[in-house]
file protein.txt (compact mmCIF, C-alpha atoms)
# COMPACT_ATOMS: atom_id res chain seq x y z
CA THR A 77 120.98 47.35 141.53
CA ARG A 78 120.56 48.44 145.14
CA ILE A 79 122.60 51.33 146.57
CA ASN A 80 122.36 51.34 150.36
CA PHE A 81 123.75 53.86 152.86
CA LYS A 82 123.83 53.04 156.58
CA TYR A 83 124.73 55.11 159.61
CA LEU A 84 125.48 53.65 163.02
CA LEU A 85 123.77 55.84 165.61
CA TYR A 86 124.70 53.79 168.64
CA ASN A 87 126.83 50.71 169.13
CA GLN A 88 128.00 48.79 172.17
CA GLY A 89 131.37 47.68 170.87
CA LYS A 90 131.79 44.65 173.14
CA GLY A 91 129.47 42.69 175.39
CA PRO A 92 125.78 43.28 176.09
CA GLY A 93 124.20 46.46 174.83
CA ASN A 94 122.21 48.17 172.10
CA ARG A 95 122.89 48.65 168.41
CA LEU A 96 120.91 51.23 166.41
CA PHE A 97 121.23 51.76 162.67
CA ILE A 98 119.47 53.99 160.17
CA GLY A 99 119.79 53.69 156.44
CA GLY A 100 118.39 54.46 153.06
CA GLY A 101 119.14 54.42 149.39
CA PHE A 102 117.99 53.82 145.86
CA MET A 103 117.02 50.86 143.72
CA ILE A 104 117.92 51.02 140.04
CA PRO A 105 115.81 48.83 137.72
CA THR A 106 117.10 46.39 135.13
CA PRO A 107 115.71 46.22 131.58
CA TYR A 108 114.33 42.72 132.19
CA THR A 109 110.78 43.75 133.07
CA ILE A 110 107.19 43.22 131.93
CA THR A 111 106.50 45.22 128.77
CA GLU A 112 102.71 44.89 128.70
CA SER A 113 99.90 44.82 131.25
CA PRO A 114 98.80 41.22 131.98
CA TRP A 115 95.25 42.54 132.47
CA LEU A 116 94.62 43.50 128.86
CA LYS A 117 91.76 41.68 127.09
CA ASN A 118 91.18 41.00 123.43
CA ASN A 119 87.95 41.46 121.47
CA ASP A 120 86.58 38.19 122.92
CA GLU A 121 87.08 39.51 126.48
CA GLU A 122 89.89 37.02 127.07
CA TYR A 123 93.22 37.88 128.63
CA THR A 124 96.03 38.16 126.10
CA PRO A 125 99.07 35.86 126.43
CA HIS A 126 101.70 37.35 128.73
CA ARG A 127 104.69 36.37 130.80
CA HIS A 128 104.95 36.29 134.59
CA PHE A 129 108.73 36.06 135.04
CA TYR A 130 110.66 39.28 135.39
CA LEU A 131 113.68 40.57 137.32
CA SER A 132 112.54 44.15 137.84
CA ASP A 133 109.34 46.20 137.82
CA GLY A 134 111.06 48.83 135.71
CA ALA A 135 110.93 51.80 138.11
CA TYR A 136 113.46 53.66 140.22
CA LYS A 137 112.74 53.42 143.95
CA MET A 138 113.81 55.04 147.18
CA PHE A 139 113.87 53.19 150.50
CA ALA A 140 114.66 53.86 154.15
CA GLU A 141 115.07 51.63 157.19
CA ILE A 142 115.81 51.64 160.89
CA GLN A 143 117.28 48.68 162.78
CA PHE A 144 117.50 48.11 166.50
CA PHE A 145 119.18 45.12 168.14
CA LYS A 146 120.01 44.28 171.74
CA LYS A 147 122.58 41.79 172.95
CA ARG A 148 121.81 40.29 176.35
CA VAL A 149 123.37 37.99 178.92
CA LYS A 150 120.15 36.06 179.55
CA LYS A 151 118.21 34.10 176.94
CA PRO A 152 117.30 35.16 174.37
CA VAL A 153 120.79 36.57 174.01
CA PHE A 154 119.96 38.57 170.89
CA VAL A 155 116.70 40.35 170.05
CA GLY A 156 115.82 43.09 167.63
CA GLY A 157 113.75 44.35 164.79
CA THR A 158 113.75 46.28 161.54
CA PHE A 159 111.26 48.68 159.99
CA SER A 160 111.61 49.62 156.33
CA PHE A 161 109.60 51.19 153.55
CA SER A 162 110.10 51.78 149.84
CA PHE A 163 108.24 53.73 147.19
CA PRO A 164 108.63 54.25 143.44
CA LEU A 165 109.98 57.49 142.01
CA ASN A 166 108.52 57.00 138.53
CA LYS A 167 106.54 54.71 136.25
CA SER A 168 108.25 52.15 134.08
CA ASP A 169 108.74 52.83 130.39
CA TYR A 170 105.68 50.65 129.77
CA GLY A 171 103.26 52.43 132.09
CA PHE A 172 103.59 50.36 135.27
CA LYS A 173 103.68 52.09 138.67
CA PRO A 174 104.86 49.72 141.46
CA SER A 175 103.43 49.54 144.96
CA ASN A 176 104.59 51.26 148.11
CA ARG A 177 105.87 48.65 150.56
CA TYR A 178 106.12 48.75 154.37
CA GLU A 179 107.79 45.96 156.32
CA LEU A 180 108.28 45.24 160.03
CA SER A 181 110.34 42.27 161.19
CA PHE A 182 111.46 40.82 164.52
CA VAL A 183 114.14 38.27 165.44
CA ALA A 184 115.28 36.53 168.63
CA LEU A 185 118.17 34.10 169.15
CA SER A 186 118.43 31.73 172.10
CA GLY A 187 122.23 31.56 172.31
CA PRO A 188 124.42 28.45 172.76
CA LEU A 189 122.74 25.20 173.82
CA LYS A 190 125.65 23.24 175.24
CA LYS A 191 123.60 20.13 175.94
CA VAL A 192 122.87 19.65 172.23
CA LYS A 193 126.22 18.69 170.73
CA THR A 194 128.22 15.88 169.16
CA ASN A 195 131.89 15.32 168.42
CA TYR A 196 131.50 17.29 165.18
CA PHE A 197 129.13 20.17 165.89
CA MET A 198 127.11 21.98 168.53
CA LEU A 199 123.71 23.62 168.23
CA SER A 200 124.79 27.24 168.65
CA SER A 201 121.37 28.86 168.66
CA ILE A 202 117.68 28.53 167.87
CA GLY A 203 116.09 31.60 166.38
CA LEU A 204 112.55 32.79 165.83
CA ASN A 205 111.64 35.46 163.30
CA PHE A 206 108.44 37.11 162.19
CA THR A 207 107.79 39.56 159.37
CA MET A 208 104.69 41.62 158.62
CA ALA A 209 104.43 43.52 155.35
CA TYR A 210 101.88 45.71 153.61
CA VAL A 211 102.04 46.18 149.86
CA GLY A 212 99.97 49.02 148.45
CA PRO A 213 98.11 49.05 145.14
CA SER A 214 100.02 49.23 141.88
CA GLU A 215 98.81 50.63 138.57
CA TRP A 216 99.03 49.91 134.86
CA ASN A 217 98.54 53.09 132.82
CA GLY A 218 96.67 54.72 135.70
CA VAL A 219 94.37 51.72 136.31
CA ARG A 220 94.56 49.88 139.64
CA THR A 221 96.01 46.37 139.39
CA PRO A 222 93.31 43.91 140.63
CA ASN A 223 95.63 41.75 142.74
CA SER A 224 98.25 44.18 144.05
CA GLU A 225 97.24 45.45 147.51
CA ALA A 226 98.04 42.80 150.09
CA ILE A 227 99.14 41.98 153.64
CA MET A 228 101.76 39.32 154.36
CA TYR A 229 102.63 37.44 157.55
CA ILE A 230 105.84 35.40 157.46
CA PRO A 231 106.89 33.46 160.60
CA GLY A 232 110.07 31.41 160.59
CA ILE A 233 112.59 29.43 162.60
CA SER A 234 116.35 29.17 162.23
CA LEU A 235 119.07 26.85 163.53
CA LEU A 236 122.78 27.64 163.85
CA PHE A 237 125.36 24.87 164.15
CA GLY A 238 128.92 25.58 165.26
CA SER A 239 131.87 23.42 164.21
CA LYS A 240 135.62 23.65 163.70
CA ALA A 241 135.01 24.44 160.04
CA GLY A 242 132.74 27.40 160.80
CA THR A 243 129.09 28.10 161.51
CA PHE A 244 126.31 26.59 159.42
CA GLY A 245 122.74 27.88 159.42
CA ILE A 246 119.34 26.95 158.08
CA ASN A 247 116.28 29.19 158.06
CA VAL A 248 112.76 27.97 157.24
CA GLN A 249 109.80 30.30 156.70
CA GLN A 250 106.16 29.78 155.79
CA GLY A 251 104.27 32.92 154.88
CA HIS A 252 100.67 33.83 154.18
CA GLU A 253 99.65 36.53 151.72
CA LYS A 254 96.10 37.88 151.55
CA TYR A 255 94.98 40.34 148.90
CA LEU A 256 92.69 43.14 150.00
CA ILE A 257 89.34 43.60 148.28
CA LYS A 258 88.51 47.30 147.98
CA LYS A 259 86.92 47.44 144.53
CA GLU A 260 84.60 45.17 142.56
CA THR A 261 87.35 44.56 140.04
CA ASP A 262 89.78 43.32 142.72
CA ILE A 263 90.52 39.62 142.80
CA GLU A 264 90.16 37.57 145.97
CA GLU A 265 93.37 35.62 146.22
CA ARG A 266 95.55 33.97 148.86
CA ASN A 267 99.12 32.74 148.52
CA GLU A 268 101.23 30.40 150.61
CA ILE A 269 104.94 31.30 150.73
CA TYR A 270 107.67 28.78 151.52
CA SER A 271 111.32 29.70 151.93
CA ILE A 272 114.42 27.71 152.90
CA SER A 273 117.85 29.34 153.07
CA LEU A 274 121.28 27.95 153.97
CA SER A 275 124.24 29.95 155.24
CA TYR A 276 127.88 29.48 156.15
CA ARG A 277 130.16 31.79 158.15
CA LYS A 278 133.78 31.52 159.22
CA ILE A 279 135.62 34.08 161.33
CA LEU A 280 139.17 34.72 160.14
CA ASP A 281 142.00 34.91 162.67
CA LYS A 282 142.99 38.39 161.50
CA TYR A 283 141.65 41.82 162.38
CA ILE A 284 142.33 45.47 161.58
CA ASP A 285 143.69 47.32 164.60
CA LYS A 286 142.25 50.69 163.53
CA LEU A 287 138.71 49.33 163.67
CA TYR A 288 138.97 48.60 167.41
CA TRP A 289 139.01 51.10 170.25
CA LYS A 290 139.07 50.98 174.02

call {"tool": "encode", "arguments": {"input": "protein.txt", "output": "structure tokens"}}
result
Amino acid sequence: TRINFKYLLYNQGKGPGNRLFIGGGFMIPTPYTITESPWLKNNDEEYTPHRHFYLSDGAYKMFAEIQFFKKRVKKPVFVGGTFSFSFPLNKSDYGFKPSNRYELSFVALSGPLKKVKTNYFMLSSIGLNFTMAYVGPSEWNGVRTPNSEAIMYIPGISLLFGSKAGTFGINVQQGHEKYLIKKETDIEERNEIYSISLSYRKILDKYIDKLYWK
């Protein structure tokens, strides 16, 4: 469960301008977590059987973020970025202390491309996004996890299609994760991350008068 509070510091209500948000909150863990360190060995110096799938790392966390976006007349019509960090407030009931995480992301949208259209849809925008993240070391019962400290780079591209039925979007990302070697017990490991997401948005023809001002 994620409880998030946001405060709008500055907002250009209509047209070009800046939007600045700050926020923070708490993350409440679920009971579906790892109950034993996957790095334990038996008498034969072999790793004991363990599971890798879990929904939570079992610890309460606090997080904060700041978001800045700018709407422009010229292309790209929308640019901005977000910086966020999170850190655990406790260990799990099974002795696991999660990592601190810092994340910086950027996004830019081209705006409408009127030349790319058919009778059914128009390419509303092409977007580029890039995320950098640092994940600090985690611990099991006070012992550093061998493959926890890492840096991630995640570039991506998105397409928005406008139609009478609404706006459809697709976002594709390919990330690279490199673990940092700072101790002899650390494991040299690299991961490739692939992500595809689909979205749909439709603006209703109703609005609340009290939310608008001159």

call {"tool": "axis_aligned_box", "arguments": {"input": "protein.txt", "around": "range 101-119 of chain A", "padding_each_side": "8 Å", "output": "JSON"}}
result
{"center_x": 103.5, "center_y": 47.7, "center_z": 135.4, "size_x": 47.2, "size_y": 29.4, "size_z": 43.9}

call {"tool": "residues_around", "arguments": {"input": "protein.txt", "residues": "Lys150 in chain A", "least_positions_apart": "6", "cutoff": "12 Å", "atoms": "all atoms listed in the file", "output": "ChimeraX atom specification"}}
result
/A:92,184-188

call {"tool": "closest_residue", "arguments": {"input": "protein.txt", "among": "A:Tyr83, A:Tyr196, A:Tyr270, A:Tyr210", "to": "Pro231 in chain A", "atoms": "all atoms listed in the file"}}
result
A:Tyr270

call {"tool": "closest_residue", "arguments": {"input": "protein.txt", "among": "A:Leu199, A:Ile257, A:Ala241, A:Leu85", "to": "Glu225 in chain A", "atoms": "only C-alpha atoms"}}
result
A:Ile257

call {"tool": "residues_around", "arguments": {"input": "protein.txt", "residues": "Thr221 in chain A", "least_positions_apart": "3", "cutoff": "12 Å", "atoms": "all atoms listed in the file", "output": "ChimeraX atom specification"}}
result
/A:113-116,171-175,212-218,224-226,255-263

call {"tool": "residues_around", "arguments": {"input": "protein.txt", "residues": "Ser132 in chain A", "least_positions_apart": "3", "cutoff": "6 Å", "atoms": "all atoms listed in the file", "output": "ChimeraX atom specification"}}
result
/A:105-106,109

call {"tool": "residues_around", "arguments": {"input": "protein.txt", "residues": "Ile230 in chain A", "least_positions_apart": "2", "cutoff": "6 Å", "atoms": "all atoms listed in the file", "output": "list in words"}}
result
Phe206, Thr207, Gln250 and Gly251 of chain A

call {"tool": "write_last_selection", "arguments": {"input": "protein.txt", "atoms": "C-alpha atoms", "output": "PDB file, keeping the file's coordinate frame"}}
result
ATOM      1  CA  PHE A 206     108.440  37.110 162.190  1.00  0.00           C
ATOM      2  CA  THR A 207     107.790  39.560 159.370  1.00  0.00           C
ATOM      3  CA  GLN A 250     106.160  29.780 155.790  1.00  0.00           C
ATOM      4  CA  GLY A 251     104.270  32.920 154.880  1.00  0.00           C
TER       5      GLY A 251
END

call {"tool": "atom_distance", "arguments": {"input": "protein.txt", "atom1": "CA of Ser234 in chain A", "atom2": "CA of Val153 in chain A"}}
result
14.6 Å

call {"tool": "closest_residue", "arguments": {"input": "protein.txt", "among": "A:Asn94, A:Thr77, A:Asn223, A:Gln249", "to": "Lys146 in chain A", "atoms": "all atoms listed in the file"}}
result
A:Asn94

call {"tool": "residues_around", "arguments": {"input": "protein.txt", "residues": "Ile142 in chain A", "least_positions_apart": "3", "cutoff": "7 Å", "atoms": "all atoms listed in the file", "output": "count of residues only"}}
result
6

call {"tool": "atom_distance", "arguments": {"input": "protein.txt", "atom1": "CA of Pro125 in chain A", "atom2": "CA of Asn166 in chain A"}}
result
26.1 Å

call {"tool": "closest_residue", "arguments": {"input": "protein.txt", "among": "A:Ser181, A:Asn195, A:Asn119, A:Ser162", "to": "Val211 in chain A", "atoms": "only C-alpha atoms"}}
result
A:Ser162

call {"tool": "atom_distance", "arguments": {"input": "protein.txt", "atom1": "CA of Gly134 in chain A", "atom2": "CA of Ala209 in chain A"}}
result
21.4 Å

call {"tool": "closest_residue", "arguments": {"input": "protein.txt", "among": "A:Val219, A:Ile202, A:Ile269, A:Ala140", "to": "Leu236 in chain A", "atoms": "only C-alpha atoms"}}
result
A:Ile202

call {"tool": "build_atoms", "arguments": {"input": "protein.txt", "residues": "range 161-172 of chain A", "atoms": "all heavy atoms", "output": "PDB file, in the coordinates of the input"}}
result
ATOM      1  N   PHE A 161     110.628  50.880 154.546  1.00  0.00           N
ATOM      2  CA  PHE A 161     109.600  51.190 153.550  1.00  0.00           C
ATOM      3  C   PHE A 161     110.274  51.615 152.264  1.00  0.00           C
ATOM      4  O   PHE A 161     111.406  52.119 152.261  1.00  0.00           O
ATOM      5  CB  PHE A 161     108.631  52.263 154.054  1.00  0.00           C
ATOM      6  CG  PHE A 161     109.248  53.633 154.217  1.00  0.00           C
ATOM      7  CD1 PHE A 161     109.255  54.556 153.186  1.00  0.00           C
ATOM      8  CD2 PHE A 161     109.817  53.990 155.430  1.00  0.00           C
ATOM      9  CE1 PHE A 161     109.823  55.799 153.346  1.00  0.00           C
ATOM     10  CE2 PHE A 161     110.394  55.241 155.604  1.00  0.00           C
ATOM     11  CZ  PHE A 161     110.394  56.153 154.551  1.00  0.00           C
ATOM     12  N   SER A 162     109.584  51.389 151.154  1.00  0.00           N
ATOM     13  CA  SER A 162     110.100  51.780 149.840  1.00  0.00           C
ATOM     14  C   SER A 162     108.952  52.296 148.998  1.00  0.00           C
ATOM     15  O   SER A 162     107.787  51.896 149.185  1.00  0.00           O
ATOM     16  CB  SER A 162     110.778  50.593 149.150  1.00  0.00           C
ATOM     17  OG  SER A 162     109.856  49.552 148.903  1.00  0.00           O
ATOM     18  N   PHE A 163     109.271  53.174 148.066  1.00  0.00           N
ATOM     19  CA  PHE A 163     108.240  53.730 147.190  1.00  0.00           C
ATOM     20  C   PHE A 163     108.865  54.071 145.843  1.00  0.00           C
ATOM     21  O   PHE A 163     110.054  54.417 145.759  1.00  0.00           O
ATOM     22  CB  PHE A 163     107.591  54.961 147.817  1.00  0.00           C
ATOM     23  CG  PHE A 163     108.558  56.048 148.187  1.00  0.00           C
ATOM     24  CD1 PHE A 163     108.893  57.053 147.293  1.00  0.00           C
ATOM     25  CD2 PHE A 163     109.169  56.055 149.440  1.00  0.00           C
ATOM     26  CE1 PHE A 163     109.789  58.044 147.639  1.00  0.00           C
ATOM     27  CE2 PHE A 163     110.071  57.049 149.788  1.00  0.00           C
ATOM     28  CZ  PHE A 163     110.391  58.048 148.883  1.00  0.00           C
ATOM     29  N   PRO A 164     108.102  53.972 144.773  1.00  0.00           N
ATOM     30  CA  PRO A 164     108.630  54.250 143.440  1.00  0.00           C
ATOM     31  C   PRO A 164     108.777  55.746 143.194  1.00  0.00           C
ATOM     32  O   PRO A 164     108.002  56.552 143.704  1.00  0.00           O
ATOM     33  CB  PRO A 164     107.586  53.629 142.512  1.00  0.00           C
ATOM     34  CG  PRO A 164     106.310  53.721 143.284  1.00  0.00           C
ATOM     35  CD  PRO A 164     106.702  53.506 144.726  1.00  0.00           C
ATOM     36  N   LEU A 165     109.754  56.100 142.388  1.00  0.00           N
ATOM     37  CA  LEU A 165     109.980  57.490 142.010  1.00  0.00           C
ATOM     38  C   LEU A 165     109.395  57.810 140.634  1.00  0.00           C
ATOM     39  O   LEU A 165     109.279  58.975 140.262  1.00  0.00           O
ATOM     40  CB  LEU A 165     111.475  57.795 142.009  1.00  0.00           C
ATOM     41  CG  LEU A 165     112.193  57.627 143.352  1.00  0.00           C
ATOM     42  CD1 LEU A 165     113.690  57.860 143.181  1.00  0.00           C
ATOM     43  CD2 LEU A 165     111.627  58.573 144.396  1.00  0.00           C
ATOM     44  N   ASN A 166     109.052  56.787 139.868  1.00  0.00           N
ATOM     45  CA  ASN A 166     108.520  57.000 138.530  1.00  0.00           C
ATOM     46  C   ASN A 166     107.756  55.768 138.061  1.00  0.00           C
ATOM     47  O   ASN A 166     107.746  54.741 138.751  1.00  0.00           O
ATOM     48  CB  ASN A 166     109.657  57.312 137.549  1.00  0.00           C
ATOM     49  CG  ASN A 166     110.564  56.104 137.348  1.00  0.00           C
ATOM     50  OD1 ASN A 166     110.997  55.468 138.313  1.00  0.00           O
ATOM     51  ND2 ASN A 166     110.849  55.771 136.103  1.00  0.00           N
ATOM     52  N   LYS A 167     107.147  55.859 136.919  1.00  0.00           N
ATOM     53  CA  LYS A 167     106.540  54.710 136.250  1.00  0.00           C
ATOM     54  C   LYS A 167     107.585  54.064 135.351  1.00  0.00           C
ATOM     55  O   LYS A 167     108.558  54.698 134.944  1.00  0.00           O
ATOM     56  CB  LYS A 167     105.338  55.143 135.422  1.00  0.00           C
ATOM     57  CG  LYS A 167     104.159  55.679 136.226  1.00  0.00           C
ATOM     58  CD  LYS A 167     103.013  56.028 135.288  1.00  0.00           C
ATOM     59  CE  LYS A 167     101.822  56.576 136.068  1.00  0.00           C
ATOM     60  NZ  LYS A 167     100.691  56.935 135.164  1.00  0.00           N
ATOM     61  N   SER A 168     107.348  52.813 135.025  1.00  0.00           N
ATOM     62  CA  SER A 168     108.250  52.150 134.080  1.00  0.00           C
ATOM     63  C   SER A 168     108.006  52.714 132.677  1.00  0.00           C
ATOM     64  O   SER A 168     107.042  53.448 132.424  1.00  0.00           O
ATOM     65  CB  SER A 168     108.002  50.641 134.078  1.00  0.00           C
ATOM     66  OG  SER A 168     106.779  50.335 133.422  1.00  0.00           O
ATOM     67  N   ASP A 169     108.884  52.367 131.770  1.00  0.00           N
ATOM     68  CA  ASP A 169     108.740  52.830 130.390  1.00  0.00           C
ATOM     69  C   ASP A 169     107.487  52.276 129.722  1.00  0.00           C
ATOM     70  O   ASP A 169     107.097  52.742 128.645  1.00  0.00           O
ATOM     71  CB  ASP A 169     109.973  52.429 129.569  1.00  0.00           C
ATOM     72  CG  ASP A 169     111.234  53.147 130.035  1.00  0.00           C
ATOM     73  OD1 ASP A 169     111.106  54.229 130.657  1.00  0.00           O
ATOM     74  OD2 ASP A 169     112.338  52.626 129.783  1.00  0.00           O
ATOM     75  N   TYR A 170     106.860  51.297 130.353  1.00  0.00           N
ATOM     76  CA  TYR A 170     105.680  50.650 129.770  1.00  0.00           C
ATOM     77  C   TYR A 170     104.403  50.965 130.526  1.00  0.00           C
ATOM     78  O   TYR A 170     103.374  50.317 130.332  1.00  0.00           O
ATOM     79  CB  TYR A 170     105.919  49.134 129.705  1.00  0.00           C
ATOM     80  CG  TYR A 170     107.197  48.784 129.001  1.00  0.00           C
ATOM     81  CD1 TYR A 170     108.372  48.515 129.719  1.00  0.00           C
ATOM     82  CD2 TYR A 170     107.270  48.766 127.607  1.00  0.00           C
ATOM     83  CE1 TYR A 170     109.564  48.223 129.069  1.00  0.00           C
ATOM     84  CE2 TYR A 170     108.458  48.464 126.951  1.00  0.00           C
ATOM     85  CZ  TYR A 170     109.600  48.204 127.683  1.00  0.00           C
ATOM     86  OH  TYR A 170     110.774  47.911 127.037  1.00  0.00           O
ATOM     87  N   GLY A 171     104.466  51.960 131.431  1.00  0.00           N
ATOM     88  CA  GLY A 171     103.260  52.430 132.090  1.00  0.00           C
ATOM     89  C   GLY A 171     102.922  51.775 133.414  1.00  0.00           C
ATOM     90  O   GLY A 171     101.811  51.957 133.926  1.00  0.00           O
ATOM     91  N   PHE A 172     103.868  51.033 134.008  1.00  0.00           N
ATOM     92  CA  PHE A 172     103.590  50.360 135.270  1.00  0.00           C
ATOM     93  C   PHE A 172     104.115  51.194 136.443  1.00  0.00           C
ATOM     94  O   PHE A 172     105.268  51.626 136.440  1.00  0.00           O
ATOM     95  CB  PHE A 172     104.240  48.983 135.302  1.00  0.00           C
ATOM     96  CG  PHE A 172     104.017  48.240 136.596  1.00  0.00           C
ATOM     97  CD1 PHE A 172     102.745  47.830 136.959  1.00  0.00           C
ATOM     98  CD2 PHE A 172     105.082  47.967 137.446  1.00  0.00           C
ATOM     99  CE1 PHE A 172     102.537  47.151 138.143  1.00  0.00           C
ATOM    100  CE2 PHE A 172     104.878  47.284 138.627  1.00  0.00           C
ATOM    101  CZ  PHE A 172     103.597  46.881 138.982  1.00  0.00           C
TER     102      PHE A 172
END
